[in-house]
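Q: Quick one: structure below, then a few questions.
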Amino acid sequence: MSLVANIVGSAAAVCSVTSFAPQMIKIWKSRDASAVSLRTYALTVTCFALWVVYGVMTTAWPVTVANACALLMAAGVLAMKWKFRDR
């Protein structure tokens, strides 16, 4: 694989993982997740879980690691949606 492809793939992985940080921080600080769609994040978590399984099955470790990290971030948002649901 070329250096450029590795750089693009790495940038995509970093963007995917860090894209959830602003939402997580906002929910944590405000203790309010009412604006977050439960269905959207449930689907997002499922999507990342399936990508992790695919990565493991195909031994595509960059796919596995990047999506496992994104899965943790999305699952964190989903967990806070449940935790702060009554506020």
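The chains in the structure tokens are called A, B, ... from first to last as shown; in each chain the residues are counted from 1, and the ligands are counted from 1 in the order shown.
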Find the residues near Tyr41 (chain A): any atom within 8 Å, counting only C-alpha atoms, skip ones fewer than 2 places away on the same chain, and give them as an mmCIF file with N, CA, C and O atoms, in the first residue's frame.
A:
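Output file out00.cif is given in full below:
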data_model
loop_
_atom_site.group_PDB
_atom_site.id
_atom_site.type_symbol
_atom_site.label_atom_id
_atom_site.label_comp_id
_atom_site.auth_asym_id
_atom_site.auth_seq_id
_atom_site.Cartn_x
_atom_site.Cartn_y
_atom_site.Cartn_z
ATOM 1 N N VAL A 36 -30.213 13.926 21.481
ATOM 2 C CA VAL A 36 -29.559 12.803 20.807
ATOM 3 C C VAL A 36 -30.619 11.775 20.420
ATOM 4 O O VAL A 36 -31.461 11.396 21.238
ATOM 5 N N SER A 37 -30.560 11.315 19.191
ATOM 6 C CA SER A 37 -31.496 10.304 18.712
ATOM 7 C C SER A 37 -31.049 8.917 19.159
ATOM 8 O O SER A 37 -29.970 8.443 18.777
ATOM 9 N N LEU A 38 -31.882 8.263 19.960
ATOM 10 C CA LEU A 38 -31.589 6.912 20.426
ATOM 11 C C LEU A 38 -31.465 5.952 19.249
ATOM 12 O O LEU A 38 -30.530 5.155 19.185
ATOM 13 N N ARG A 39 -32.370 6.043 18.299
ATOM 14 C CA ARG A 39 -32.331 5.147 17.138
ATOM 15 C C ARG A 39 -31.072 5.343 16.306
ATOM 16 O O ARG A 39 -30.454 4.379 15.839
ATOM 17 N N LEU A 43 -28.206 2.453 15.902
ATOM 18 C CA LEU A 43 -27.799 1.994 14.580
ATOM 19 C C LEU A 43 -26.307 2.214 14.350
ATOM 20 O O LEU A 43 -25.617 1.352 13.790
ATOM 21 N N THR A 44 -25.785 3.349 14.806
ATOM 22 C CA THR A 44 -24.361 3.648 14.651
ATOM 23 C C THR A 44 -23.506 2.632 15.408
ATOM 24 O O THR A 44 -22.507 2.125 14.875
ATOM 25 N N VAL A 45 -23.897 2.317 16.629
ATOM 26 C CA VAL A 45 -23.163 1.321 17.424
ATOM 27 C C VAL A 45 -23.213 -0.037 16.733
ATOM 28 O O VAL A 45 -22.200 -0.737 16.638
ATOM 29 N N ALA A 74 -19.016 5.869 20.194
ATOM 30 C CA ALA A 74 -20.455 5.896 19.921
ATOM 31 C C ALA A 74 -21.231 5.219 21.046
ATOM 32 O O ALA A 74 -22.304 5.691 21.441
ATOM 33 N N ALA A 75 -20.681 4.147 21.573
ATOM 34 C CA ALA A 75 -21.324 3.463 22.696
ATOM 35 C C ALA A 75 -21.346 4.361 23.930
ATOM 36 O O ALA A 75 -22.298 4.321 24.719
ATOM 37 N N VAL A 77 -21.670 7.647 23.896
ATOM 38 C CA VAL A 77 -22.793 8.577 23.678
ATOM 39 C C VAL A 77 -24.110 7.856 23.959
ATOM 40 O O VAL A 77 -24.988 8.391 24.648
ATOM 41 N N LEU A 78 -24.242 6.635 23.467
ATOM 42 C CA LEU A 78 -25.464 5.868 23.684
ATOM 43 C C LEU A 78 -25.687 5.593 25.175
ATOM 44 O O LEU A 78 -26.812 5.727 25.671
#
Q: Give me the residues near region 18-32 of chain A as a list in words, where near means some atom within 8 Å (using only C-alpha atoms) and where sequence neighbours in that chain fewer than 6 positions away do not count.
A: Ala70, Met73, Ala74, Gly76, Val77, Met80, Lys81, Phe84, Arg85 and Arg87 of chain A
Q: Would you please extract all helix (DSSP H, G or I) residues from chain A, as assigned by DSSP on the backbone, and give them as a count of residues only?
A: 69
Q: Which polymer residues have any atom within 12 Å of an atom of region 51-62 of chain A, counting only C-alpha atoms, with same-chain residues fewer than 2 positions away left out, as a ChimeraX atom specification?
A: /A:6,9-14,44-49,64-72
